[in-house]
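Worksheet for the structure shown next.
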Amino acid sequence: MIHHVKASRPDALAAVSLALSAAIFAGAPEQARAADAAPAPEIAQVPGDDIFGFTSPSDIGNPGDMAVANENDGRAGKRDGRYFALNQKLEISRTLTPDWWLAGSFFMAHNNARNVTGLPDVNRYQFDGFSFEIAHKLVNRDATNPFAVTLSAEPRWGRVDGVGGLRSNSWGATFKLFTDAIVVPDKLFWAGNIQATTQTSEDPAAPGEWIPGSTLLLSTALTWQAAQNLFLGAEARYFTTFDSASFHHPVGRALYIGPTLAWKITDKIVFNTTYQPQVSGHSAASRNQNLDLDNFERAQFRLKLVVNF
């Protein structure tokens, strides 16, 4: 005969508790794995296109990205006479890894000057050398850091004097720091650049004699995304030029301020432009003048078209 023993109430509760505990502990690893597999929250980014005028963003693209940029930087106006200069840069670039970017560029120069004190009358359009640039993404934006930072170096050989337009070989390098941040998500963006250029160039009036020089540039820009494909903003750039290659003995400085516009023609094509007059300046050679028109110009502008692949 089999005797059925009725379980007491405490024993029944204990059995239920053990069953629930086993189920909970069995499911814990699955929940942990599910949490690990969940994607990290996406970090908002500053648009990677050239949307700030002369000031560059920190973005270098994704591995495998390629682009061709046609950059036209113009300068106009001296103390007297007629003066116009245009530097054209054709750049081909590729993003090698998430943190490295590479580019090669060819330059053309157009110089037109007449009756400008201290400069020859000239009207020329000529090949102006080439450069090589490598950039490294140093700091990525994340949930606790709103800033991204990129560093680059661009050695360059030139064959035209940038002011007078005469034949003059030059060797130099520009070291750049790019940083940017989101001010208002999806609407307002900020960027800042520091550029230090050092070079030595032939004296156009005495070939074979070399003249050292350097320039320091600080720039800051804000841009507002007025529409899905349109950015409107403002930019300020402050130049200091030196008569040495080591950033000693400043001989001039100039501040430029002006509006910027960037138009995303398509997802792959971006047009960028800005016009900036000199609003303040000082030249060691013309101390009683409000602007530095010995080392700089009355206005500078840019027209830039970038095609991404």
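Please note that chains go A, B, ... in the order of the structure tokens, that every chain numbers its residues from 1, and that ligands are numbered from 1 in the order shown.
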Next on the checklist: Neighbouring residues of segment 202-204 of chain A were defined as those with any atom within 6 Å, considering only C-alpha atoms; residues of the same chain fewer than 6 positions away were excluded. Please report them as a ChimeraX atom specification.
Outcome noted: /A:168-169,210
Could the residues in this selection be saved with N, CA and C atoms as a compact mmCIF listing (two decimals), in the first residue's frame?
```
# COMPACT_ATOMS: atom_id res chain seq x y z
N SER A 168 59.10 82.52 -57.84
CA SER A 168 59.83 82.44 -56.59
C SER A 168 59.60 81.07 -55.97
N ASN A 169 60.63 80.23 -55.95
CA ASN A 169 60.50 78.93 -55.30
C ASN A 169 60.36 79.10 -53.79
N TRP A 210 67.44 83.60 -50.04
CA TRP A 210 66.24 83.03 -49.43
C TRP A 210 65.79 83.86 -48.24
```
All residues 12 Å or closer to Phe309 of chain A, only C-alpha atoms, same chain fewer than 4 positions away omitted, as a PDB file with N, CA and C atoms, in the first residue's frame:
```pdb
ATOM      1  N   GLY A  61      35.817  61.650 -42.444  1.00  0.00           N
ATOM      2  CA  GLY A  61      35.092  60.684 -43.250  1.00  0.00           C
ATOM      3  C   GLY A  61      35.240  59.263 -42.740  1.00  0.00           C
ATOM      4  N   ASN A  62      34.701  58.338 -43.516  1.00  0.00           N
ATOM      5  CA  ASN A  62      34.755  56.914 -43.193  1.00  0.00           C
ATOM      6  C   ASN A  62      35.795  56.218 -44.056  1.00  0.00           C
ATOM      7  N   PRO A  63      36.377  55.114 -43.569  1.00  0.00           N
ATOM      8  CA  PRO A  63      37.389  54.405 -44.356  1.00  0.00           C
ATOM      9  C   PRO A  63      36.903  54.091 -45.770  1.00  0.00           C
ATOM     10  N   GLY A  64      37.719  54.433 -46.750  1.00  0.00           N
ATOM     11  CA  GLY A  64      37.358  54.207 -48.143  1.00  0.00           C
ATOM     12  C   GLY A  64      36.755  55.410 -48.831  1.00  0.00           C
ATOM     13  N   ASP A  65      36.323  56.434 -48.071  1.00  0.00           N
ATOM     14  CA  ASP A  65      35.760  57.639 -48.683  1.00  0.00           C
ATOM     15  C   ASP A  65      36.816  58.354 -49.515  1.00  0.00           C
ATOM     16  N   MET A  66      36.399  58.839 -50.685  1.00  0.00           N
ATOM     17  CA  MET A  66      37.267  59.652 -51.531  1.00  0.00           C
ATOM     18  C   MET A  66      36.550  60.931 -51.911  1.00  0.00           C
ATOM     19  N   ALA A  67      37.325  61.995 -52.180  1.00  0.00           N
ATOM     20  CA  ALA A  67      36.728  63.270 -52.552  1.00  0.00           C
ATOM     21  C   ALA A  67      37.681  64.042 -53.455  1.00  0.00           C
ATOM     22  N   VAL A  68      37.092  64.880 -54.296  1.00  0.00           N
ATOM     23  CA  VAL A  68      37.845  65.834 -55.105  1.00  0.00           C
ATOM     24  C   VAL A  68      37.322  67.216 -54.761  1.00  0.00           C
ATOM     25  N   ALA A  69      38.225  68.125 -54.393  1.00  0.00           N
ATOM     26  CA  ALA A  69      37.832  69.483 -54.003  1.00  0.00           C
ATOM     27  C   ALA A  69      38.502  70.501 -54.915  1.00  0.00           C
ATOM     28  N   ILE A  92      42.808  65.928 -54.085  1.00  0.00           N
ATOM     29  CA  ILE A  92      42.250  64.574 -54.150  1.00  0.00           C
ATOM     30  C   ILE A  92      42.565  63.900 -52.817  1.00  0.00           C
ATOM     31  N   SER A  93      41.530  63.415 -52.123  1.00  0.00           N
ATOM     32  CA  SER A  93      41.734  62.895 -50.776  1.00  0.00           C
ATOM     33  C   SER A  93      41.086  61.522 -50.614  1.00  0.00           C
ATOM     34  N   ARG A  94      41.566  60.792 -49.606  1.00  0.00           N
ATOM     35  CA  ARG A  94      41.013  59.488 -49.272  1.00  0.00           C
ATOM     36  C   ARG A  94      41.149  59.256 -47.770  1.00  0.00           C
ATOM     37  N   THR A  95      40.094  58.701 -47.162  1.00  0.00           N
ATOM     38  CA  THR A  95      40.142  58.296 -45.760  1.00  0.00           C
ATOM     39  C   THR A  95      40.674  56.873 -45.697  1.00  0.00           C
ATOM     40  N   THR A 266      23.787  67.969 -53.509  1.00  0.00           N
ATOM     41  CA  THR A 266      23.287  66.598 -53.381  1.00  0.00           C
ATOM     42  C   THR A 266      23.954  66.008 -52.138  1.00  0.00           C
ATOM     43  N   ASP A 267      23.699  64.739 -51.871  1.00  0.00           N
ATOM     44  CA  ASP A 267      24.361  64.083 -50.742  1.00  0.00           C
ATOM     45  C   ASP A 267      25.860  63.987 -50.949  1.00  0.00           C
ATOM     46  N   LYS A 268      26.316  64.107 -52.194  1.00  0.00           N
ATOM     47  CA  LYS A 268      27.723  63.933 -52.519  1.00  0.00           C
ATOM     48  C   LYS A 268      28.431  65.217 -52.922  1.00  0.00           C
ATOM     49  N   ILE A 269      27.697  66.284 -53.194  1.00  0.00           N
ATOM     50  CA  ILE A 269      28.292  67.516 -53.712  1.00  0.00           C
ATOM     51  C   ILE A 269      27.951  68.680 -52.780  1.00  0.00           C
TER      52      ILE A 269
END
```
Checklist outcome for this item: From the list A:Phe54, A:Phe106, A:Phe271, A:Phe147, the nearest residue to Gln88 of chain A using only C-alpha atoms is A:Phe106
Given only C-alpha atoms, how would the per-residue table for segment 67-123 of chain A near segment 272-283 of chain A read, listing every residue at most 12 Å away with its closest atom pair and distance in Å to one decimal, sorted by chain and number, as JSON lines?
```
{"residue": "A:Ala69", "atom": "CA", "partner": "A:Asn272", "partner_atom": "CA", "distance": 10.7}
{"residue": "A:Asn70", "atom": "CA", "partner": "A:Asn272", "partner_atom": "CA", "distance": 10.4}
{"residue": "A:Glu71", "atom": "CA", "partner": "A:Asn272", "partner_atom": "CA", "distance": 9.2}
{"residue": "A:Asn72", "atom": "CA", "partner": "A:Thr273", "partner_atom": "CA", "distance": 9.4}
{"residue": "A:Asp73", "atom": "CA", "partner": "A:Thr273", "partner_atom": "CA", "distance": 9.6}
{"residue": "A:Gly74", "atom": "CA", "partner": "A:Tyr275", "partner_atom": "CA", "distance": 9.2}
{"residue": "A:Arg75", "atom": "CA", "partner": "A:Gln276", "partner_atom": "CA", "distance": 9.7}
{"residue": "A:Ala76", "atom": "CA", "partner": "A:Pro277", "partner_atom": "CA", "distance": 9.4}
{"residue": "A:Gly77", "atom": "CA", "partner": "A:Pro277", "partner_atom": "CA", "distance": 9.9}
{"residue": "A:Lys78", "atom": "CA", "partner": "A:Gln278", "partner_atom": "CA", "distance": 11.1}
```
Checklist entry - Which residues come within 10 Å of Arg167 of chain A, counting only C-alpha atoms, excluding same-chain residues fewer than 3 positions away, as an MDAnalysis selection string? => result chainID A and resid 126 128 158:162 164 170 202:205 207
Next on the checklist: Give me the residues near Thr174 of chain A as JSON, numbers by chain, where near means some atom within 6 Å (using only C-alpha atoms) and where sequence neighbours in that chain fewer than 5 positions away do not count.
Outcome noted: {"A": [153, 154, 196, 197]}
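Each of A:Arg156, A:Leu138, A:Trp101, A:Gly165 was checked against Ala113 of chain A using only C-alpha atoms; the smallest atom-to-atom distance is that of A:Gly165.
Among A:Leu102, A:Ser58, A:Glu235, A:His249, the residue with the shortest atom-to-atom distance to Thr179 of chain A, counting only C-alpha atoms, is A:Ser58.
Using only C-alpha atoms, the shortest contact distance between Thr241 of chain A and any of A:Ile257, A:Asn87, A:Gly213, A:Ala299 is found at A:Gly213.
You can rank A:Glu91, A:Glu42, A:Asp80, A:Asp243 by their closest distance to Arg298 of chain A using only C-alpha atoms, and at the top of that list sits A:Asp80.
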Item to check | Picked from segment 128-284 of chain A by DSSP as strand (DSSP E or B), as a ChimeraX atom specification | outcome: /A:128-139,148-160,167-184,188-203,206-227,230-242,250-264,269-283
Would you write out those residues with C-alpha atoms, as a tab-separated table (two decimals), in the first residue's frame?
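What follows is the written file out-v2.tsv:
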```tsv
chain	number	residue	atom	x	y	z
A	128	ASP	CA	52.15	77.13	-58.42
A	129	GLY	CA	53.44	73.80	-57.12
A	130	PHE	CA	51.91	71.02	-55.06
A	131	SER	CA	51.39	69.80	-51.49
A	132	PHE	CA	50.83	66.63	-49.53
A	133	GLU	CA	48.63	66.50	-46.40
A	134	ILE	CA	48.06	63.86	-43.75
A	135	ALA	CA	45.48	64.20	-40.96
A	136	HIS	CA	44.89	62.20	-37.78
A	137	LYS	CA	41.66	62.17	-35.75
A	138	LEU	CA	43.05	62.69	-32.26
A	139	VAL	CA	39.89	62.99	-30.12
A	148	ALA	CA	36.27	66.36	-31.57
A	149	VAL	CA	39.87	67.20	-32.50
A	150	THR	CA	41.93	66.48	-35.62
A	151	LEU	CA	45.58	67.33	-36.34
A	152	SER	CA	47.19	67.62	-39.77
A	153	ALA	CA	50.46	68.54	-41.46
A	154	GLU	CA	50.76	69.85	-45.03
A	155	PRO	CA	54.25	70.29	-46.53
A	156	ARG	CA	54.23	72.36	-49.72
A	157	TRP	CA	56.44	73.43	-52.60
A	158	GLY	CA	55.46	76.66	-54.34
A	159	ARG	CA	56.88	78.41	-57.39
A	160	VAL	CA	55.04	81.78	-57.36
A	167	ARG	CA	58.55	83.45	-60.02
A	168	SER	CA	59.83	82.44	-56.59
A	169	ASN	CA	60.50	78.93	-55.30
A	170	SER	CA	59.39	78.30	-51.72
A	171	TRP	CA	59.41	75.40	-49.29
A	172	GLY	CA	57.18	75.29	-46.25
A	173	ALA	CA	54.72	73.39	-44.09
A	174	THR	CA	51.43	74.16	-42.39
A	175	PHE	CA	50.48	72.46	-39.13
A	176	LYS	CA	46.76	72.53	-38.36
A	177	LEU	CA	44.44	71.81	-35.44
A	178	PHE	CA	40.71	71.44	-36.15
A	179	THR	CA	38.05	71.23	-33.44
A	180	ASP	CA	34.25	71.49	-33.47
A	181	ALA	CA	31.18	70.99	-31.31
A	182	ILE	CA	27.38	70.98	-31.40
A	183	VAL	CA	25.82	74.10	-29.85
A	184	VAL	CA	22.17	73.27	-30.61
A	188	LEU	CA	23.79	75.30	-34.59
A	189	PHE	CA	27.42	74.18	-34.91
A	190	TRP	CA	30.79	75.67	-33.91
A	191	ALA	CA	34.31	75.11	-35.20
A	192	GLY	CA	37.74	76.53	-34.42
A	193	ASN	CA	41.10	76.18	-36.17
A	194	ILE	CA	44.73	76.96	-35.38
A	195	GLN	CA	47.18	76.98	-38.29
A	196	ALA	CA	50.92	77.62	-38.10
A	197	THR	CA	52.81	78.01	-41.39
A	198	THR	CA	56.58	78.25	-41.66
A	199	GLN	CA	58.48	78.62	-44.92
A	200	THR	CA	61.53	79.92	-46.72
A	201	SER	CA	61.25	81.48	-50.18
A	202	GLU	CA	63.48	82.97	-52.84
A	203	ASP	CA	63.65	86.73	-53.10
A	206	ALA	CA	67.36	88.35	-56.18
A	207	PRO	CA	67.05	84.67	-57.14
A	208	GLY	CA	69.28	82.51	-54.98
A	209	GLU	CA	68.72	84.57	-51.85
A	210	TRP	CA	66.24	83.03	-49.43
A	211	ILE	CA	63.88	84.85	-47.08
A	212	PRO	CA	62.37	83.13	-44.01
A	213	GLY	CA	58.82	83.82	-42.84
A	214	SER	CA	55.92	82.39	-40.88
A	215	THR	CA	52.23	83.01	-40.24
A	216	LEU	CA	49.91	82.13	-37.37
A	217	LEU	CA	46.16	81.91	-38.02
A	218	LEU	CA	43.36	81.60	-35.47
A	219	SER	CA	39.81	81.17	-36.74
A	220	THR	CA	36.37	80.55	-35.26
A	221	ALA	CA	33.02	80.03	-36.97
A	222	LEU	CA	29.35	79.41	-36.20
A	223	THR	CA	26.88	78.02	-38.72
A	224	TRP	CA	23.12	77.56	-38.57
A	225	GLN	CA	21.36	74.78	-40.45
A	226	ALA	CA	18.63	76.90	-42.00
A	227	ALA	CA	17.31	73.99	-44.09
A	230	LEU	CA	21.58	74.92	-46.43
A	231	PHE	CA	23.95	76.32	-43.77
A	232	LEU	CA	24.32	80.03	-42.99
A	233	GLY	CA	26.91	81.41	-40.60
A	234	ALA	CA	29.65	83.85	-39.66
A	235	GLU	CA	33.40	83.51	-39.33
A	236	ALA	CA	36.30	85.48	-37.82
A	237	ARG	CA	39.99	84.91	-38.67
A	238	TYR	CA	43.01	86.56	-37.05
A	239	PHE	CA	46.40	86.49	-38.82
A	240	THR	CA	49.85	87.35	-37.49
A	241	THR	CA	52.82	87.32	-39.86
A	242	PHE	CA	56.50	87.18	-38.87
A	250	PRO	CA	55.83	90.00	-35.88
A	251	VAL	CA	55.56	92.46	-38.75
A	252	GLY	CA	51.81	92.56	-39.30
A	253	ARG	CA	48.40	91.38	-38.17
A	254	ALA	CA	44.88	91.47	-39.58
A	255	LEU	CA	41.36	90.51	-38.51
A	256	TYR	CA	38.78	89.37	-41.09
A	257	ILE	CA	35.07	88.86	-40.35
A	258	GLY	CA	32.31	87.87	-42.75
A	259	PRO	CA	29.30	85.68	-43.56
A	260	THR	CA	29.51	82.06	-44.74
A	261	LEU	CA	27.22	79.86	-46.81
A	262	ALA	CA	27.28	76.13	-47.54
A	263	TRP	CA	24.86	74.42	-49.92
A	264	LYS	CA	24.55	70.65	-50.13
A	269	ILE	CA	28.29	67.52	-53.71
A	270	VAL	CA	28.81	70.54	-51.43
A	271	PHE	CA	29.40	74.19	-52.34
A	272	ASN	CA	30.97	76.52	-49.78
A	273	THR	CA	31.55	80.29	-50.02
A	274	THR	CA	32.49	83.25	-47.83
A	275	TYR	CA	33.46	86.91	-48.27
A	276	GLN	CA	35.42	88.64	-45.51
A	277	PRO	CA	36.70	92.25	-45.39
A	278	GLN	CA	39.61	93.22	-43.16
A	279	VAL	CA	38.07	95.06	-40.19
A	280	SER	CA	41.22	95.69	-38.16
A	281	GLY	CA	44.95	95.45	-38.71
A	282	HIS	CA	48.40	96.81	-37.99
A	283	SER	CA	51.63	96.84	-40.00
```
Next on the checklist: One decimal, in Å: what's the spacing between atom CA of Leu291 of chain A and atom CA of Asn115 of chain A?
Outcome noted: 19.3 Å
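In this structure, atom CA of Asp59 of chain A sits 7.9 Å away from atom CA of Val46 of chain A.
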Checklist entry - To one decimal place, how far is atom CA of Asn295 of chain A from atom CA of Ile51 of chain A in Å? => result 27.7 Å
